[in-house]
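> The structure under discussion is supplied below as structure tokens; questions concerning it will follow.
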Amino acid sequence: MKWFGRNKNDNTPAVQTASGRSDSTPFGLIMNCRLPSFEKSLYRSLREAIPVIDAAIYKTVRLVGGFKVYCSKNAQSELDDFMKNVKVNGISNGIDSFLSIYLEQLLTYGTAVGEIVMGYDGGIAALYNSSLDDVDLSCGENPLDVRISVIDQYGTKRPVKHPELILCSAVMPEPGKIYGTSILKGLPFVSDILLKIFNALGTNWDRIGNVRFAVTYKPSENDRNYTKERAVQIASEWSKAMKSREVRDFVSVGDVSIKAIGADNIIPDSQIPVRQIMEQIIAKLSLPPFLLGLTWSTTERMSSQQADMLTSELEYYRKVLNTVIRKICAVYLRQRGFDDHMEIIWENINLQDETELAKARLYNARAEEIEKRLEKKEDDNIE
């Protein structure tokens with residue numbers, strides 16, 4: 001017996017933001033022409049074509065680090081177990097897996113959408129990372145009201161039944177816009193130039209690097225009647241010598257000259273233009289070059305300043321994720337009957353932060369001790 005179109009004994013939780021449409025439908029091509037789709041395809045292509053961009057996004061996700069959520073003592077153990085073992089998508093577990101995919105989507109497209117999937121027992125069954133191809137965000141009658149719709153296989157927008165379970169974040173959206181701004185925005189132009197240089201390098205190396213030879217035979221007056229036969233014989237012997245895996249000498253009679261095709265041409269030096277373009281890309285990605293394996297000359301002080309700037313970038317992404325973490329944990333604590341008051345504590349980004357914090361505490365303690373000595377000295381002088 002089916003219950004509202006589903007098997008009554010089927011306890012599989014229903015995901016709101018999965019469209020369920022198939023690529024084999026005749027409307028598939030039309031759906032791929034939605035306004036944000038060309039940007040998503042462009043950003044995906046950039047990550048595939050330029051490994052530095054792809055590596056920068058993955059490194060940023062890993063550098064954000066881990067966190068700990070503290071709540072009331074009677075709910076702490078249950079919350080820790082939930083965050084460690086909650087099902088994520090189809091094959092993953094743990095809220096860290098969900099947040100990694102969520103942040104990667106946020107960095108690449110500027111917007112990320114996820115969902116808290118509730119089970120039939122009233123508890124959280126899973127966390128789901130929604131595809132932006134299946135979800136549409138739009139303004140309601142009030143500009144502050146965001147409507148979340150899922151797109152079915154026929155291209156129809158259907159509002160989700162429980163928008164309070166949808167997680168949505170945007171990075172630096174433009175005024176009046178809902179969708180955020182990708183960190184890859186502004187890179188297509190310089191990336192196109194970089195790919196042209198790489199493509200030209202590959203073509204030039206195919207032409208010049210793979211050496212080809214021009215064998216020229218100039219027959220003498222006595223050999224003019226046998227020019228064709230001699231040319232065929234020379235070509236055959238030269239071909240055998242080139243195809244042999246062993247070093248073979250080529251012996252010929254007559255005026256025969258051999259030249260490497262393209263030996264006089266010089267491949268243009270691409271180091272300077274490639275570095276100029278890479279500097280633009282690295283500046284947009286906000287990562288120090290040494291983290292991406294680029295051995296550009298730098299000083300210890302410059303590296304320290306770059307690390308400080310990276311720390312500020314990561315702190316910004318942590319603030320964005322705090323909202324998502326807080327909402328997931330609040331839903332879990334409420335449905336378990338606990339107080340939803342919590343505190344999110346992130347790990348220090350690196351060992352340098354620990355050192356700097358220790359130095360700051362030491363300097364503050366010394367300053368406080370000196371101030372106490374001065375105050376005591378002034379009191380003694382007054383007496």
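Each chain in the structure tokens gets a letter, A, B and so on, in the order shown; residues start at 1 in every chain, and ligands are counted from 1 in the order they appear.
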May I have the residues within 10 Å of Ser191 (chain A) as a PyMOL selection string, using only C-alpha atoms and disregarding those fewer than 6 positions away in the same chain?
chain A and resi 46+49-50+53+197+277-278+280-281
> Would you kindly return, as a PyMOL selection string, each protein, DNA or RNA residue with an atom no farther than 10 Å from any atom of Leu292 (chain A), considering only C-alpha atoms and excluding same-chain residues fewer than 6 positions away?
chain A and resi 51-53+55-56+59+282
> Any idea what's packed within 9 Å of Ile183 (chain A), counting only C-alpha atoms, ignoring anything in its chain fewer than 4 positions away? Could you give it as a PyMOL selection string?
chain A and resi 106-110+171+187+284-285
> Write a file of the selected residues as a compact mmCIF listing (two decimals), in the first residue's frame, keeping N, CA and C atoms.

# COMPACT_ATOMS: atom_id res chain seq x y z
N LEU A 106 31.04 27.30 -2.37
CA LEU A 106 30.95 28.72 -2.07
C LEU A 106 32.08 29.50 -2.73
N LEU A 107 33.29 28.95 -2.68
CA LEU A 107 34.43 29.64 -3.28
C LEU A 107 34.34 29.64 -4.81
N THR A 108 33.91 28.53 -5.38
CA THR A 108 33.90 28.41 -6.84
C THR A 108 32.79 29.25 -7.47
N TYR A 109 31.60 29.20 -6.91
CA TYR A 109 30.45 29.86 -7.53
C TYR A 109 29.98 31.10 -6.79
N GLY A 110 30.47 31.34 -5.58
CA GLY A 110 30.02 32.49 -4.81
C GLY A 110 28.76 32.23 -4.02
N VAL A 171 28.84 34.78 -0.87
CA VAL A 171 30.04 35.54 -0.58
C VAL A 171 30.01 36.83 -1.39
N LEU A 187 39.01 36.32 -13.57
CA LEU A 187 40.11 35.48 -14.04
C LEU A 187 39.94 34.95 -15.47
N LYS A 284 44.28 37.26 -6.98
CA LYS A 284 42.84 37.09 -6.86
C LYS A 284 42.49 35.94 -5.92
N LEU A 285 43.33 34.92 -5.88
CA LEU A 285 43.05 33.76 -5.04
C LEU A 285 43.44 33.97 -3.59
> With distances taken over only C-alpha atoms, which residue among A:Pro288, A:Asp134, A:Lys185, A:Thr60 lies nearest Gln153 (chain A)?
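Smallest separation from Gln153 (chain A) among the options: A:Asp134.
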> With only C-alpha atoms as the basis for distance, which of A:Trp346, A:Phe189, A:Tyr217, A:Phe290 is at the shortest distance from Ile234 (chain A)?
A:Tyr217
> Go through A:Gly140, A:Glu347, A:Val215, A:Leu194 one by one, measure the shortest atom-to-atom distance of each to Phe250 (chain A) using only C-alpha atoms, and give the residue with the smallest value.
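Answer, going by the shortest atom-to-atom distance: A:Val215.
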> As an MDAnalysis selection string, please: all residues of region 92-231 of chain A that backbone DSSP puts in strand (DSSP E or B).
chainID A and resid 92:93 111:118 124:129 135:139 146:151 157:159 166:170 212:218
> Please produce a file of the residues just selected, as a tab-separated table (two decimals), in the first residue's frame, where the atoms kept are N, CA and C atoms.

chain	number	residue	atom	x	y	z
A	92	SER	N	29.35	9.74	2.54
A	92	SER	CA	30.23	10.37	3.53
A	92	SER	C	29.53	10.46	4.88
A	93	ASN	N	30.33	10.75	5.89
A	93	ASN	CA	29.83	10.93	7.25
A	93	ASN	C	30.58	12.07	7.92
A	111	THR	N	28.11	31.10	-4.29
A	111	THR	CA	26.86	30.74	-3.62
A	111	THR	C	26.89	29.25	-3.31
A	112	ALA	N	26.41	28.88	-2.15
A	112	ALA	CA	26.34	27.47	-1.77
A	112	ALA	C	24.98	27.20	-1.14
A	113	VAL	N	24.45	26.02	-1.44
A	113	VAL	CA	23.14	25.62	-0.91
A	113	VAL	C	23.26	24.21	-0.37
A	114	GLY	N	22.74	24.02	0.82
A	114	GLY	CA	22.69	22.70	1.44
A	114	GLY	C	21.34	22.48	2.08
A	115	GLU	N	21.15	21.30	2.62
A	115	GLU	CA	19.84	20.98	3.20
A	115	GLU	C	20.00	20.07	4.40
A	116	ILE	N	19.19	20.34	5.42
A	116	ILE	CA	19.07	19.44	6.57
A	116	ILE	C	17.92	18.48	6.26
A	117	VAL	N	18.23	17.23	6.05
A	117	VAL	CA	17.23	16.24	5.68
A	117	VAL	C	16.69	15.57	6.94
A	118	MET	N	15.41	15.71	7.16
A	118	MET	CA	14.77	15.16	8.34
A	118	MET	C	14.24	13.76	8.05
A	124	ILE	N	17.31	14.38	12.57
A	124	ILE	CA	18.06	14.69	11.37
A	124	ILE	C	18.62	13.39	10.79
A	125	ALA	N	18.23	13.08	9.56
A	125	ALA	CA	18.67	11.85	8.91
A	125	ALA	C	19.98	12.04	8.17
A	126	ALA	N	20.20	13.23	7.58
A	126	ALA	CA	21.41	13.43	6.77
A	126	ALA	C	21.56	14.91	6.48
A	127	LEU	N	22.72	15.25	5.97
A	127	LEU	CA	23.00	16.58	5.43
A	127	LEU	C	23.28	16.41	3.94
A	128	TYR	N	22.74	17.30	3.14
A	128	TYR	CA	22.80	17.14	1.68
A	128	TYR	C	23.34	18.42	1.05
A	129	ASN	N	24.37	18.26	0.20
A	129	ASN	CA	24.91	19.39	-0.58
A	129	ASN	C	24.14	19.49	-1.88
A	135	VAL	N	18.59	24.17	-8.07
A	135	VAL	CA	17.97	25.12	-7.13
A	135	VAL	C	17.95	26.51	-7.75
A	136	ASP	N	16.88	27.23	-7.51
A	136	ASP	CA	16.76	28.61	-7.98
A	136	ASP	C	16.46	29.52	-6.79
A	137	LEU	N	17.23	30.59	-6.69
A	137	LEU	CA	17.02	31.58	-5.63
A	137	LEU	C	16.46	32.85	-6.25
A	138	SER	N	15.43	33.39	-5.65
A	138	SER	CA	14.80	34.60	-6.19
A	138	SER	C	14.25	35.42	-5.04
A	139	CYS	N	14.01	36.70	-5.32
A	139	CYS	CA	13.44	37.61	-4.32
A	139	CYS	C	11.93	37.49	-4.31
A	146	VAL	N	13.85	35.80	0.61
A	146	VAL	CA	14.48	34.95	-0.41
A	146	VAL	C	13.61	33.70	-0.58
A	147	ARG	N	13.23	33.46	-1.81
A	147	ARG	CA	12.45	32.27	-2.12
A	147	ARG	C	13.35	31.21	-2.73
A	148	ILE	N	13.25	30.02	-2.20
A	148	ILE	CA	14.07	28.90	-2.66
A	148	ILE	C	13.17	27.92	-3.38
A	149	SER	N	13.49	27.65	-4.64
A	149	SER	CA	12.69	26.75	-5.46
A	149	SER	C	13.57	25.66	-6.03
A	150	VAL	N	12.97	24.50	-6.24
A	150	VAL	CA	13.65	23.39	-6.88
A	150	VAL	C	13.07	23.25	-8.28
A	151	ILE	N	13.91	22.89	-9.25
A	151	ILE	CA	13.50	22.81	-10.65
A	151	ILE	C	13.35	21.35	-11.02
A	157	LYS	N	9.56	25.56	-11.76
A	157	LYS	CA	10.06	25.93	-10.45
A	157	LYS	C	9.00	25.62	-9.40
A	158	ARG	N	9.41	24.86	-8.42
A	158	ARG	CA	8.50	24.48	-7.36
A	158	ARG	C	9.08	24.88	-6.01
A	159	PRO	N	8.43	25.77	-5.26
A	159	PRO	CA	8.96	26.20	-3.95
A	159	PRO	C	9.10	25.02	-3.00
A	166	ILE	N	16.68	24.68	4.76
A	166	ILE	CA	17.63	24.93	3.68
A	166	ILE	C	18.75	25.83	4.19
A	167	LEU	N	19.96	25.46	3.86
A	167	LEU	CA	21.15	26.24	4.22
A	167	LEU	C	21.64	26.96	2.97
A	168	CYS	N	21.78	28.25	3.07
A	168	CYS	CA	22.17	29.04	1.90
A	168	CYS	C	23.15	30.13	2.32
A	169	SER	N	24.24	30.26	1.59
A	169	SER	CA	25.24	31.29	1.90
A	169	SER	C	25.71	31.91	0.59
A	170	ALA	N	26.10	33.17	0.67
A	170	ALA	CA	26.61	33.90	-0.48
A	170	ALA	C	27.81	34.75	-0.04
A	212	ARG	N	62.77	17.32	-36.91
A	212	ARG	CA	62.54	16.77	-38.25
A	212	ARG	C	63.70	17.20	-39.13
A	213	PHE	N	64.03	16.37	-40.10
A	213	PHE	CA	65.20	16.61	-40.93
A	213	PHE	C	64.79	16.77	-42.39
A	214	ALA	N	65.53	17.64	-43.05
A	214	ALA	CA	65.37	17.82	-44.50
A	214	ALA	C	66.62	17.26	-45.17
A	215	VAL	N	66.44	16.18	-45.93
A	215	VAL	CA	67.55	15.53	-46.64
A	215	VAL	C	67.50	15.97	-48.11
A	216	THR	N	68.54	16.67	-48.54
A	216	THR	CA	68.59	17.21	-49.90
A	216	THR	C	69.69	16.52	-50.70
A	217	TYR	N	69.31	16.01	-51.87
A	217	TYR	CA	70.27	15.33	-52.75
A	217	TYR	C	70.42	16.15	-54.04
A	218	LYS	N	71.65	16.53	-54.32
A	218	LYS	CA	71.95	17.29	-55.52
A	218	LYS	C	72.72	16.37	-56.48
> Compare A:Asn142, A:Ser244, A:Ser257, A:Asn204 by their minimum atom-to-atom distance to Pro219 (chain A), counting only C-alpha atoms, and give me the closest one.
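So, comparing all the options, the nearest one is A:Ser257.
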> I'd like the neighbourhood of Met309 (chain A) as a VMD selection string, where a residue qualifies if any of its atoms comes within 9 Å (using only C-alpha atoms), though same-chain residues fewer than 5 positions away should be ignored.
chain A and resid 286 to 288 304 314
> Go ahead and save the residues from that selection, with all heavy atoms, as a tab-separated table (two decimals), in the first residue's frame.

chain	number	residue	atom	x	y	z
A	286	SER	N	44.22	35.03	-3.30
A	286	SER	CA	44.56	35.41	-1.93
A	286	SER	C	45.36	34.35	-1.19
A	286	SER	O	45.20	34.16	0.02
A	286	SER	CB	43.29	35.75	-1.12
A	286	SER	OG	42.57	36.79	-1.75
A	287	LEU	N	46.22	33.64	-1.90
A	287	LEU	CA	47.10	32.66	-1.28
A	287	LEU	C	48.55	33.04	-1.53
A	287	LEU	O	48.88	33.49	-2.63
A	287	LEU	CB	46.85	31.25	-1.84
A	287	LEU	CG	45.65	30.48	-1.30
A	287	LEU	CD1	45.59	29.12	-1.96
A	287	LEU	CD2	45.70	30.32	0.20
A	288	PRO	N	49.44	32.89	-0.55
A	288	PRO	CA	50.86	33.14	-0.79
A	288	PRO	C	51.39	32.20	-1.86
A	288	PRO	O	51.00	31.03	-1.90
A	288	PRO	CB	51.50	32.87	0.57
A	288	PRO	CG	50.39	33.01	1.57
A	288	PRO	CD	49.15	32.56	0.86
A	304	SER	N	55.83	36.40	6.27
A	304	SER	CA	55.04	36.56	7.49
A	304	SER	C	53.82	37.45	7.25
A	304	SER	O	52.72	37.15	7.71
A	304	SER	CB	55.91	37.15	8.60
A	304	SER	OG	55.15	37.37	9.76
A	314	LEU	N	40.94	33.54	5.86
A	314	LEU	CA	40.35	32.33	6.42
A	314	LEU	C	39.37	32.66	7.55
A	314	LEU	O	38.35	31.97	7.71
A	314	LEU	CB	41.46	31.40	6.93
A	314	LEU	CG	42.45	30.89	5.87
A	314	LEU	CD1	43.52	30.03	6.52
A	314	LEU	CD2	41.73	30.13	4.78
> Could you please determine the separation between CA of Ile91 (chain A) and CA of Ala330 (chain A) in Å, to one decimal place?
24.2 Å
> Run DSSP on the backbone and give me the residues of region 153-292 of chain A it puts in helix (DSSP H, G or I), as a PyMOL selection string.
chain A and resi 163-165+187-209+221-243+271-285+289-292
> Measure the distance from CA of Ser239 (chain A) to CA of Val256 (chain A) in Å and round it to one decimal.
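Between CA of Ser239 (chain A) and CA of Val256 (chain A) the gap is 14.9 Å.
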> To one decimal in Å, tell me the separation between CA of Tyr316 (chain A) and CA of Asn89 (chain A).
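Calculated distance between CA of Tyr316 (chain A) and CA of Asn89 (chain A) is 26.0 Å.
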> Quick one: residues within 9 Å of region 39-42 of chain A, only C-alpha atoms counted, chain neighbours fewer than 3 positions away excluded, as a PyMOL selection string?
chain A and resi 35-36+45-47+108-109+132-133+188
